[in-house]
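my_file_14.txt follows (compact mmCIF, C-alpha atoms (C1' of nucleotides)):
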```
# COMPACT_ATOMS: atom_id res chain seq x y z
CA MET A 23 73.33 -62.13 37.11
CA GLY A 24 70.24 -61.06 35.30
CA THR A 25 70.41 -57.41 36.12
CA SER A 26 73.35 -55.10 36.29
CA LEU A 27 74.44 -53.68 39.57
CA GLU A 28 75.34 -50.44 37.87
CA PRO A 29 72.14 -49.17 36.34
CA THR A 30 73.43 -45.71 35.68
CA HIS A 31 77.13 -45.19 35.64
CA SER A 32 77.87 -48.08 33.36
CA ARG A 33 76.09 -46.52 30.45
CA LEU A 34 78.45 -43.59 30.13
CA PRO A 35 79.65 -43.35 26.55
CA ALA A 36 82.55 -41.50 25.08
CA LEU A 37 82.89 -38.20 26.80
CA PRO A 38 83.71 -34.61 26.02
CA ARG A 39 87.41 -34.17 25.77
CA ARG A 40 88.62 -30.63 25.97
CA HIS A 41 91.54 -29.02 27.64
CA ASP A 42 89.61 -26.78 29.94
CA PRO A 43 90.12 -27.68 33.55
CA ASP A 44 86.36 -27.54 33.90
CA HIS A 45 85.92 -30.37 31.49
CA ALA A 46 88.83 -32.46 32.59
CA ASP A 47 86.72 -33.89 35.37
CA CYS A 48 83.71 -34.47 33.21
CA ARG A 49 83.96 -38.22 33.43
CA SER A 50 83.88 -38.47 37.19
CA VAL A 51 81.42 -35.70 37.59
CA ALA A 52 79.13 -37.32 35.09
CA SER A 53 79.03 -40.57 36.98
CA ILE A 54 78.31 -38.78 40.23
CA LEU A 55 75.73 -36.59 38.60
CA ALA A 56 74.19 -39.73 37.19
CA ARG A 57 73.79 -41.06 40.70
CA VAL A 58 72.31 -37.86 41.99
CA GLY A 59 70.14 -37.72 38.93
CA ASP A 60 68.79 -41.10 39.75
CA LYS A 61 65.35 -40.35 41.08
CA TRP A 62 65.35 -43.10 43.65
CA SER A 63 68.78 -42.24 44.97
CA VAL A 64 67.65 -38.73 45.69
CA PHE A 65 64.54 -39.94 47.43
CA VAL A 66 66.48 -42.38 49.55
CA ILE A 67 68.96 -39.71 50.55
CA MET A 68 66.07 -37.43 51.45
CA MET A 69 64.42 -40.12 53.53
CA LEU A 70 67.61 -40.90 55.37
CA SER A 71 68.04 -37.27 56.32
CA ASP A 72 66.44 -37.76 59.70
CA GLY A 73 68.31 -40.78 60.88
CA PRO A 74 68.73 -44.42 59.93
CA LYS A 75 65.91 -46.39 58.41
CA ARG A 76 65.13 -50.02 57.81
CA PHE A 77 64.55 -51.57 54.43
CA ASN A 78 60.80 -51.84 54.48
CA GLU A 79 60.58 -48.57 56.28
CA LEU A 80 62.17 -46.93 53.27
CA LYS A 81 60.04 -48.96 50.95
CA ARG A 82 56.91 -47.68 52.60
CA MET A 83 58.10 -44.10 52.60
CA ILE A 84 58.96 -44.14 48.92
CA ASN A 85 55.67 -45.38 47.72
CA GLY A 86 56.33 -46.05 44.07
CA ILE A 87 59.55 -47.99 44.41
CA SER A 88 59.78 -51.72 43.93
CA GLN A 89 61.82 -53.78 46.35
CA ARG A 90 64.15 -54.56 43.54
CA MET A 91 64.84 -50.95 42.73
CA LEU A 92 65.24 -50.13 46.39
CA THR A 93 67.81 -52.87 46.75
CA LEU A 94 69.64 -51.73 43.65
CA THR A 95 69.53 -48.11 44.71
CA LEU A 96 70.81 -48.87 48.19
CA ARG A 97 73.58 -51.01 46.76
CA GLY A 98 74.64 -48.18 44.52
CA LEU A 99 74.63 -45.68 47.32
CA GLU A 100 76.54 -48.09 49.50
CA ARG A 101 79.04 -48.66 46.75
CA ASP A 102 79.65 -44.97 46.44
CA GLY A 103 80.18 -44.70 50.18
CA LEU A 104 77.10 -42.57 50.66
CA VAL A 105 75.20 -44.91 52.96
CA THR A 106 76.17 -47.63 55.37
CA ARG A 107 74.42 -50.95 55.70
CA THR A 108 74.22 -52.41 59.18
CA ILE A 109 72.93 -55.91 59.69
CA PHE A 110 71.45 -56.99 63.00
CA PRO A 111 71.54 -60.78 63.12
CA THR A 112 68.27 -60.95 64.96
CA ILE A 113 65.10 -62.80 64.18
CA PRO A 114 63.45 -61.43 62.22
CA PRO A 115 66.52 -59.93 60.54
CA ARG A 116 66.97 -56.22 60.64
CA VAL A 117 69.05 -54.03 58.36
CA ASP A 118 69.60 -50.36 58.96
CA TYR A 119 70.67 -47.92 56.32
CA GLU A 120 72.27 -44.68 57.34
CA LEU A 121 73.92 -41.77 55.61
CA THR A 122 77.68 -41.55 55.90
CA ASP A 123 79.44 -38.24 56.38
CA LEU A 124 79.96 -38.21 52.66
CA GLY A 125 76.28 -38.80 52.11
CA ARG A 126 75.34 -36.07 54.52
CA GLY A 127 77.69 -33.75 52.71
CA LEU A 128 75.88 -34.51 49.51
CA GLN A 129 72.64 -33.47 51.10
CA ALA A 130 73.49 -29.80 51.02
CA PRO A 131 73.82 -29.38 47.25
CA VAL A 132 70.99 -31.79 46.63
CA LYS A 133 68.78 -29.88 48.97
CA ALA A 134 69.74 -26.66 47.25
CA LEU A 135 68.66 -28.20 44.00
CA GLY A 136 65.46 -29.42 45.54
CA GLU A 137 64.68 -26.00 46.89
CA TRP A 138 65.35 -24.44 43.54
CA ALA A 139 62.98 -26.95 42.05
CA ILE A 140 60.29 -26.13 44.57
CA THR A 141 60.77 -22.42 44.09
CA HIS A 142 60.51 -22.59 40.34
CA GLN A 143 58.11 -25.46 39.84
CA ASP A 144 55.35 -23.06 38.87
CA GLN A 145 57.42 -21.40 36.20
CA ILE A 146 58.42 -24.76 34.82
CA ALA A 147 54.91 -26.10 34.90
CA ALA A 148 53.76 -22.99 33.10
CA ALA A 149 56.49 -23.33 30.51
CA ARG A 150 55.54 -26.93 29.95
CA SER A 151 51.90 -26.08 29.50
CA ARG A 152 52.75 -23.34 27.07
CA PHE A 153 55.01 -25.60 25.10
CA ASP A 154 52.57 -28.47 25.01
CA GLU A 155 49.73 -26.21 24.01
CA ARG A 156 51.71 -24.47 21.33
CA ASN A 157 52.94 -27.77 20.02
CA GLY A 158 50.42 -30.51 20.55
CA GLY A 159 47.25 -28.55 21.06
CA MET B 12 55.87 -40.66 16.78
CA GLY B 13 58.39 -43.35 17.29
CA THR B 14 60.01 -41.99 20.37
CA SER B 15 58.53 -40.15 23.28
CA LEU B 16 59.23 -36.51 23.72
CA GLU B 17 59.31 -37.04 27.45
CA PRO B 18 62.08 -39.52 28.06
CA THR B 19 62.26 -38.87 31.76
CA HIS B 20 59.39 -37.15 33.43
CA SER B 21 56.75 -39.36 31.92
CA ARG B 22 57.96 -42.39 33.76
CA LEU B 23 57.16 -41.04 37.20
CA PRO B 24 55.19 -43.60 39.14
CA ALA B 25 53.09 -43.26 42.22
CA LEU B 26 54.82 -41.00 44.64
CA PRO B 27 55.52 -40.67 48.33
CA ARG B 28 52.56 -39.23 50.13
CA ARG B 29 53.23 -37.82 53.54
CA HIS B 30 51.99 -34.81 55.37
CA ASP B 31 55.31 -33.10 55.70
CA PRO B 32 55.50 -29.93 53.69
CA ASP B 33 58.81 -31.21 52.44
CA HIS B 34 57.18 -34.11 50.72
CA ALA B 35 54.12 -32.35 49.46
CA ASP B 36 56.11 -31.13 46.46
CA CYS B 37 57.71 -34.48 45.76
CA ARG B 38 55.93 -34.89 42.46
CA SER B 39 57.10 -31.69 40.87
CA VAL B 40 60.51 -31.85 42.40
CA ALA B 41 60.97 -35.35 41.12
CA SER B 42 60.25 -34.39 37.56
CA ILE B 43 62.65 -31.47 37.76
CA LEU B 44 65.25 -33.58 39.44
CA ALA B 45 64.79 -36.09 36.68
CA ARG B 46 65.65 -33.46 34.14
CA VAL B 47 68.69 -32.35 36.06
CA GLY B 48 69.61 -35.94 36.51
CA ASP B 49 69.57 -36.43 32.80
CA LYS B 50 73.21 -36.56 31.87
CA TRP B 51 72.80 -34.82 28.54
CA SER B 52 70.67 -32.03 29.97
CA VAL B 53 73.37 -31.19 32.45
CA PHE B 54 76.03 -31.19 29.79
CA VAL B 55 74.00 -28.96 27.53
CA ILE B 56 73.35 -26.53 30.34
CA MET B 57 77.04 -26.49 31.10
CA MET B 58 77.93 -25.88 27.48
CA LEU B 59 75.45 -23.05 27.19
CA SER B 60 76.94 -21.33 30.19
CA ASP B 61 79.13 -19.11 28.06
CA GLY B 62 76.59 -17.86 25.62
CA PRO B 63 74.38 -19.22 22.86
CA LYS B 64 75.45 -22.14 20.74
CA ARG B 65 74.38 -23.69 17.48
CA PHE B 66 73.18 -27.22 17.11
CA ASN B 67 76.27 -28.81 15.65
CA GLU B 68 78.40 -26.68 17.85
CA LEU B 69 76.82 -28.36 20.84
CA LYS B 70 77.05 -31.70 19.18
CA ARG B 71 80.76 -31.30 18.73
CA MET B 72 81.31 -30.11 22.27
CA ILE B 73 79.43 -33.02 23.77
CA ASN B 74 81.32 -35.70 22.01
CA GLY B 75 79.35 -38.77 22.94
CA ILE B 76 75.89 -37.50 22.09
CA SER B 77 73.94 -38.52 19.02
CA GLN B 78 72.03 -35.92 17.11
CA ARG B 79 68.85 -37.63 18.12
CA MET B 80 69.59 -37.35 21.80
CA LEU B 81 70.72 -33.77 21.40
CA THR B 82 67.47 -32.92 19.68
CA LEU B 83 65.45 -34.69 22.32
CA THR B 84 67.42 -33.09 25.13
CA LEU B 85 67.08 -29.62 23.67
CA ARG B 86 63.36 -30.13 23.16
CA GLY B 87 63.00 -31.14 26.77
CA LEU B 88 64.93 -28.17 28.01
CA GLU B 89 62.95 -25.90 25.74
CA ARG B 90 59.73 -27.39 27.02
CA ASP B 91 60.74 -26.67 30.57
CA GLY B 92 61.55 -23.11 29.65
CA LEU B 93 65.22 -23.54 30.39
CA VAL B 94 66.53 -22.77 26.93
CA THR B 95 65.26 -20.77 23.98
CA ARG B 96 65.41 -21.87 20.40
CA THR B 97 66.04 -19.17 17.85
CA ILE B 98 65.77 -19.93 14.16
CA PHE B 99 67.57 -17.83 11.59
CA PRO B 100 65.89 -18.38 8.23
CA THR B 101 69.16 -18.24 6.40
CA ILE B 102 70.74 -20.66 4.02
CA PRO B 103 72.09 -22.82 5.36
CA PRO B 104 69.67 -22.67 8.26
CA ARG B 105 70.96 -21.69 11.63
CA VAL B 106 69.47 -22.38 15.03
CA ASP B 107 70.78 -20.90 18.22
CA TYR B 108 70.11 -22.30 21.65
CA GLU B 109 70.47 -20.09 24.66
CA LEU B 110 69.80 -20.37 28.34
CA THR B 111 66.79 -18.49 29.64
CA ASP B 112 66.88 -16.67 32.95
CA LEU B 113 65.32 -19.75 34.44
CA GLY B 114 68.02 -21.89 32.94
CA ARG B 115 70.72 -19.62 34.20
CA GLY B 116 69.20 -19.77 37.63
CA LEU B 117 69.42 -23.51 37.51
CA GLN B 118 73.10 -23.29 36.82
CA ALA B 119 73.93 -22.21 40.34
CA PRO B 120 72.68 -25.31 42.18
CA VAL B 121 73.86 -27.56 39.40
CA LYS B 122 77.28 -26.04 39.55
CA ALA B 123 77.32 -26.47 43.30
CA LEU B 124 76.57 -30.09 42.78
CA GLY B 125 79.27 -30.34 40.16
CA GLU B 126 81.79 -28.80 42.46
CA TRP B 127 80.83 -31.14 45.24
CA ALA B 128 81.31 -33.99 42.81
CA ILE B 129 84.73 -32.75 41.81
CA THR B 130 85.76 -32.22 45.41
CA HIS B 131 84.72 -35.67 46.51
CA GLN B 132 85.36 -37.72 43.42
CA ASP B 133 88.41 -39.27 45.04
CA GLN B 134 86.51 -40.39 48.09
CA ILE B 135 83.79 -41.85 45.93
CA ALA B 136 86.23 -43.58 43.64
CA ALA B 137 87.93 -45.05 46.68
CA ALA B 138 84.64 -46.19 48.12
CA ARG B 139 83.74 -47.81 44.84
CA SER B 140 87.04 -49.62 44.65
CA ARG B 141 86.69 -50.83 48.20
CA PHE B 142 83.17 -52.02 47.58
CA ASP B 143 84.01 -53.74 44.32
CA GLU B 144 87.03 -55.42 45.83
CA ARG B 145 85.21 -56.57 48.93
CA ASN B 146 82.36 -57.81 46.85
CA GLY B 147 83.44 -58.97 43.44
CA GLY B 148 87.03 -59.82 43.90
C1' DC C 6 73.11 -27.21 8.54
C1' DT C 7 69.24 -28.68 11.34
C1' DG C 8 66.55 -31.71 12.16
C1' DG C 9 62.38 -35.60 11.48
C1' DA C 10 61.28 -40.72 10.82
C1' DT C 11 62.27 -45.36 11.36
C1' DC C 12 64.47 -49.72 12.46
C1' DC C 13 66.44 -52.25 16.05
C1' DG C 14 69.40 -53.79 19.78
C1' DA C 15 70.38 -53.17 24.70
C1' DC C 16 69.03 -52.74 29.10
C1' DC C 17 66.25 -50.90 32.69
C1' DA C 18 62.52 -51.78 35.79
C1' DG C 19 58.21 -54.22 37.49
C1' DA C 20 55.96 -58.61 38.89
C1' DT C 21 56.37 -62.80 40.75
C1' DA C 22 58.16 -66.64 43.21
C1' DC C 23 61.45 -68.33 46.38
C1' DT C 24 65.11 -68.34 50.34
C1' DG C 25 67.19 -67.52 55.02
C1' DC D 23 61.85 -58.99 57.42
C1' DA D 24 65.29 -58.58 53.86
C1' DG D 25 66.60 -59.80 50.19
C1' DT D 26 67.79 -62.97 45.47
C1' DA D 27 66.52 -65.06 40.86
C1' DT D 28 64.13 -65.06 36.72
C1' DC D 29 61.01 -63.69 33.11
C1' DT D 30 59.33 -60.13 30.43
C1' DG D 31 57.73 -55.78 28.47
C1' DG D 32 58.74 -51.04 27.76
C1' DT D 33 61.69 -47.71 26.28
C1' DC D 34 65.89 -45.52 25.76
C1' DG D 35 69.46 -44.61 22.58
C1' DG D 36 72.39 -45.31 18.33
C1' DA D 37 72.58 -45.76 13.22
C1' DT D 38 70.74 -44.65 9.12
C1' DC D 39 68.08 -42.47 5.63
C1' DC D 40 65.70 -38.51 4.18
C1' DA D 41 63.85 -33.57 3.99
C1' DG D 42 63.70 -28.36 4.27
```

Would you mind writing the file's structure down as structure tokens?
Amino acid sequence: MGTSLEPTHSRLPALPRRHDPDHADCRSVASILARVGDKWSVFVIMMLSDGPKRFNELKRMINGISQRMLTLTLRGLERDGLVTRTIFPTIPPRVDYELTDLGRGLQAPVKALGEWAITHQDQIAAARSRFDERNGG
Amino acid sequence: MGTSLEPTHSRLPALPRRHDPDHADCRSVASILARVGDKWSVFVIMMLSDGPKRFNELKRMINGISQRMLTLTLRGLERDGLVTRTIFPTIPPRVDYELTDLGRGLQAPVKALGEWAITHQDQIAAARSRFDERNGG
DNA sequence: CTGGATCCGACCAGATACTG
DNA sequence: CAGTATCTGGTCGGATCCAG
């Protein structure tokens, strides 16, 4: 296969090893965080919030994504048990993607993060401008 | 410069364009999500939870990171106004990194996500095993 | 100690063409 | 419509050397 099925969680290197209970779960958390951190994954989860969607439906909604990335992203989400893939053997073929309970559960923290981002985007944008100006300009 | 200072948020492609208020902020949210999604950024934020840390201190705590990536990550966080960089002109030089108020605010949602990850890591691991078994073997 | 600069391999991600 | 296969460029990330 030319391209890996695990774009994100396969890259994890050696990991912090401490004895704190907080850090004991670093490995697993990291791989899950990596998935959430994946831009496309987040978008897909967002888009699936209001019910199941078809492949090209998602592709249209997430304008910048390539069909390849969408496939890969959906595979990853399916692998992690966050979305289900339902095939209707009709002609033309139809495939529905839908959030699982697990996936819906993930929505809450993700949405919290998203709302934080929205709330503070101005501050961050300002900080970036300041930094860029101070540095490059 | 050999390497970009913006490893993540510069790659953002064309973005979803809908009329929902939810999606109006996609652009900004995406770039912030990208930062949070960055594995190293999250680790650094975690490590800085309990007070300021020095460069090599962080490097030791995050075992897998190279000094290059740590530098890049810290620059990114500094650019976004999430951490401050304080230089002590001593010999040997000493640089402290500390979370800003903004950075500390980010901790809450990130931690929520982390806790969700910890809570459901078993389910996800199981789902992955199932998927891998059904698919690859 | 805290980085910057550079070389270089690895792999991600887009474009394209093709299948069922 | 819903993918798969392949080629390819871009860039991320580690290793190394060097400087303040």

Check your understanding: Between C1' of DA20 in chain C and CA of Val105 in chain A, what is the distance, to one decimal in Å?
Key ->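 About the pair C1' of DA20 in chain C and CA of Val105 in chain A: they are 27.5 Å apart.
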
Exercise for review: Taking only C-alpha atoms (C1' of nucleotides) into account, report as a list in words which residues of chain D lie within 8 Å of chain A.
Suggested key: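 The answer, sorted by residue number, is DC23, DA24, DG25, DA27 and DT28 of chain D.
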
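Restricting the calculation to only C-alpha atoms, the smallest distance between chain A and any of B:Asp61, B:Glu68, B:Asp112, B:Asp143 is found for B:Asp143.
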
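Of the residues listed (C:DT11, C:DC17, C:DA22, C:DC6), C:DC17 shows the shortest atom-to-atom separation from DC34 in chain D; distances use all atoms listed in the file.
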
Check your understanding: What does the distance between CA of Met83 in chain A and CA of Val66 in chain A come to in Å, to one decimal place?
Key ->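 Separating CA of Met83 in chain A from CA of Val66 in chain A is a distance of 9.1 Å.
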
For chain A against chain B, which residues fall within 8 Å using only C-alpha atoms, given as an mmCIF file with C-alpha atoms, keeping the file's coordinate frame?
```cif
data_model
loop_
_atom_site.group_PDB
_atom_site.id
_atom_site.type_symbol
_atom_site.label_atom_id
_atom_site.label_comp_id
_atom_site.auth_asym_id
_atom_site.auth_seq_id
_atom_site.Cartn_x
_atom_site.Cartn_y
_atom_site.Cartn_z
ATOM 1 C CA PRO A 35 79.650 -43.350 26.550
ATOM 2 C CA ALA A 36 82.550 -41.500 25.080
ATOM 3 C CA LEU A 37 82.890 -38.200 26.800
ATOM 4 C CA PRO A 38 83.710 -34.610 26.020
ATOM 5 C CA ARG A 39 87.410 -34.170 25.770
ATOM 6 C CA ASP A 47 86.720 -33.890 35.370
ATOM 7 C CA SER A 50 83.880 -38.470 37.190
ATOM 8 C CA VAL A 51 81.420 -35.700 37.590
ATOM 9 C CA ALA A 52 79.130 -37.320 35.090
ATOM 10 C CA ILE A 54 78.310 -38.780 40.230
ATOM 11 C CA LEU A 55 75.730 -36.590 38.600
ATOM 12 C CA ALA A 56 74.190 -39.730 37.190
ATOM 13 C CA ARG A 57 73.790 -41.060 40.700
ATOM 14 C CA VAL A 58 72.310 -37.860 41.990
ATOM 15 C CA GLY A 59 70.140 -37.720 38.930
ATOM 16 C CA ASP A 60 68.790 -41.100 39.750
ATOM 17 C CA LYS A 61 65.350 -40.350 41.080
ATOM 18 C CA MET A 83 58.100 -44.100 52.600
ATOM 19 C CA ILE A 84 58.960 -44.140 48.920
ATOM 20 C CA ASN A 85 55.670 -45.380 47.720
ATOM 21 C CA GLY A 86 56.330 -46.050 44.070
ATOM 22 C CA GLU A 100 76.540 -48.090 49.500
ATOM 23 C CA ARG A 101 79.040 -48.660 46.750
ATOM 24 C CA ASP A 102 79.650 -44.970 46.440
ATOM 25 C CA GLY A 103 80.180 -44.700 50.180
ATOM 26 C CA LEU A 128 75.880 -34.510 49.510
ATOM 27 C CA PRO A 131 73.820 -29.380 47.250
ATOM 28 C CA VAL A 132 70.990 -31.790 46.630
ATOM 29 C CA ALA A 134 69.740 -26.660 47.250
ATOM 30 C CA LEU A 135 68.660 -28.200 44.000
ATOM 31 C CA GLY A 136 65.460 -29.420 45.540
ATOM 32 C CA TRP A 138 65.350 -24.440 43.540
ATOM 33 C CA ALA A 139 62.980 -26.950 42.050
ATOM 34 C CA ILE A 140 60.290 -26.130 44.570
ATOM 35 C CA GLN A 143 58.110 -25.460 39.840
ATOM 36 C CA GLN A 145 57.420 -21.400 36.200
ATOM 37 C CA ILE A 146 58.420 -24.760 34.820
ATOM 38 C CA ALA A 147 54.910 -26.100 34.900
ATOM 39 C CA ALA A 149 56.490 -23.330 30.510
ATOM 40 C CA ARG A 150 55.540 -26.930 29.950
ATOM 41 C CA PHE A 153 55.010 -25.600 25.100
ATOM 42 C CA ASP A 154 52.570 -28.470 25.010
#
```

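In this structure, CA of Pro74 in chain A sits 28.4 Å away from C1' of DC23 in chain C.
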
Exercise for review: Please identify every residue of chain C that has at least one atom no more than 12 Å from any atom of chain A, counting all atoms listed in the file, and report them as an MDAnalysis selection string.
Suggested key: chainID C and resid 15:21 25

Take the structure in the block and write a file for range 139-149 of chain A, all heavy atoms, as a CSV table (one decimal), in the first residue's frame.
```csv
chain,number,residue,atom,x,y,z
A,139,ALA,N,-11.9,28.2,21.5
A,139,ALA,CA,-11.2,28.8,20.3
A,139,ALA,C,-11.9,30.0,19.8
A,139,ALA,O,-11.3,31.1,19.5
A,139,ALA,CB,-11.0,27.7,19.3
A,140,ILE,N,-13.2,29.9,19.6
A,140,ILE,CA,-14.0,31.0,19.1
A,140,ILE,C,-13.9,32.2,20.0
A,140,ILE,O,-13.8,33.3,19.6
A,140,ILE,CB,-15.5,30.6,18.9
A,140,ILE,CG1,-15.6,29.5,17.8
A,140,ILE,CG2,-16.3,31.8,18.6
A,140,ILE,CD1,-16.9,29.0,17.5
A,141,THR,N,-14.1,31.9,21.3
A,141,THR,CA,-14.1,33.0,22.3
A,141,THR,C,-12.8,33.7,22.3
A,141,THR,O,-12.8,35.0,22.5
A,141,THR,CB,-14.3,32.4,23.7
A,141,THR,OG1,-15.5,31.6,23.7
A,141,THR,CG2,-14.5,33.5,24.7
A,142,HIS,N,-11.7,33.0,22.1
A,142,HIS,CA,-10.4,33.7,22.3
A,142,HIS,C,-9.7,33.9,21.0
A,142,HIS,O,-8.5,34.2,21.0
A,142,HIS,CB,-9.5,32.8,23.2
A,142,HIS,CG,-10.1,32.7,24.6
A,142,HIS,ND1,-11.0,31.7,24.9
A,142,HIS,CD2,-9.9,33.4,25.7
A,142,HIS,CE1,-11.3,31.8,26.2
A,142,HIS,NE2,-10.7,32.8,26.7
A,143,GLN,N,-10.3,33.7,19.9
A,143,GLN,CA,-9.6,33.8,18.6
A,143,GLN,C,-9.1,35.2,18.4
A,143,GLN,O,-8.0,35.4,17.8
A,143,GLN,CB,-10.6,33.5,17.5
A,143,GLN,CG,-11.8,34.3,17.4
A,143,GLN,CD,-12.7,33.8,16.2
A,143,GLN,OE1,-12.2,33.6,15.1
A,143,GLN,NE2,-14.0,33.7,16.5
A,144,ASP,N,-9.8,36.2,19.0
A,144,ASP,CA,-9.3,37.6,18.8
A,144,ASP,C,-8.0,37.8,19.6
A,144,ASP,O,-7.0,38.4,19.0
A,144,ASP,CB,-10.3,38.6,19.3
A,144,ASP,CG,-11.6,38.6,18.4
A,144,ASP,OD1,-11.5,38.1,17.3
A,144,ASP,OD2,-12.6,39.0,18.9
A,145,GLN,N,-7.9,37.3,20.8
A,145,GLN,CA,-6.7,37.4,21.6
A,145,GLN,C,-5.6,36.7,20.9
A,145,GLN,O,-4.4,37.3,20.9
A,145,GLN,CB,-7.0,36.8,23.0
A,145,GLN,CG,-8.0,37.6,23.8
A,145,GLN,CD,-8.2,36.9,25.2
A,145,GLN,OE1,-7.2,36.7,25.9
A,145,GLN,NE2,-9.4,36.5,25.5
A,146,ILE,N,-5.8,35.6,20.4
A,146,ILE,CA,-4.8,34.8,19.7
A,146,ILE,C,-4.3,35.5,18.5
A,146,ILE,O,-3.1,35.6,18.2
A,146,ILE,CB,-5.2,33.4,19.4
A,146,ILE,CG1,-5.4,32.6,20.8
A,146,ILE,CG2,-4.3,32.7,18.5
A,146,ILE,CD1,-5.7,31.2,20.6
A,147,ALA,N,-5.3,36.0,17.7
A,147,ALA,CA,-4.9,36.7,16.5
A,147,ALA,C,-4.1,37.9,16.8
A,147,ALA,O,-3.1,38.2,16.1
A,147,ALA,CB,-6.2,37.1,15.7
A,148,ALA,N,-4.5,38.6,17.9
A,148,ALA,CA,-3.7,39.8,18.3
A,148,ALA,C,-2.3,39.4,18.7
A,148,ALA,O,-1.3,40.0,18.3
A,148,ALA,CB,-4.4,40.5,19.5
A,149,ALA,N,-2.2,38.3,19.5
A,149,ALA,CA,-0.9,37.9,19.9
A,149,ALA,C,0.0,37.5,18.7
A,149,ALA,O,1.2,37.8,18.7
A,149,ALA,CB,-1.1,36.7,20.9
```
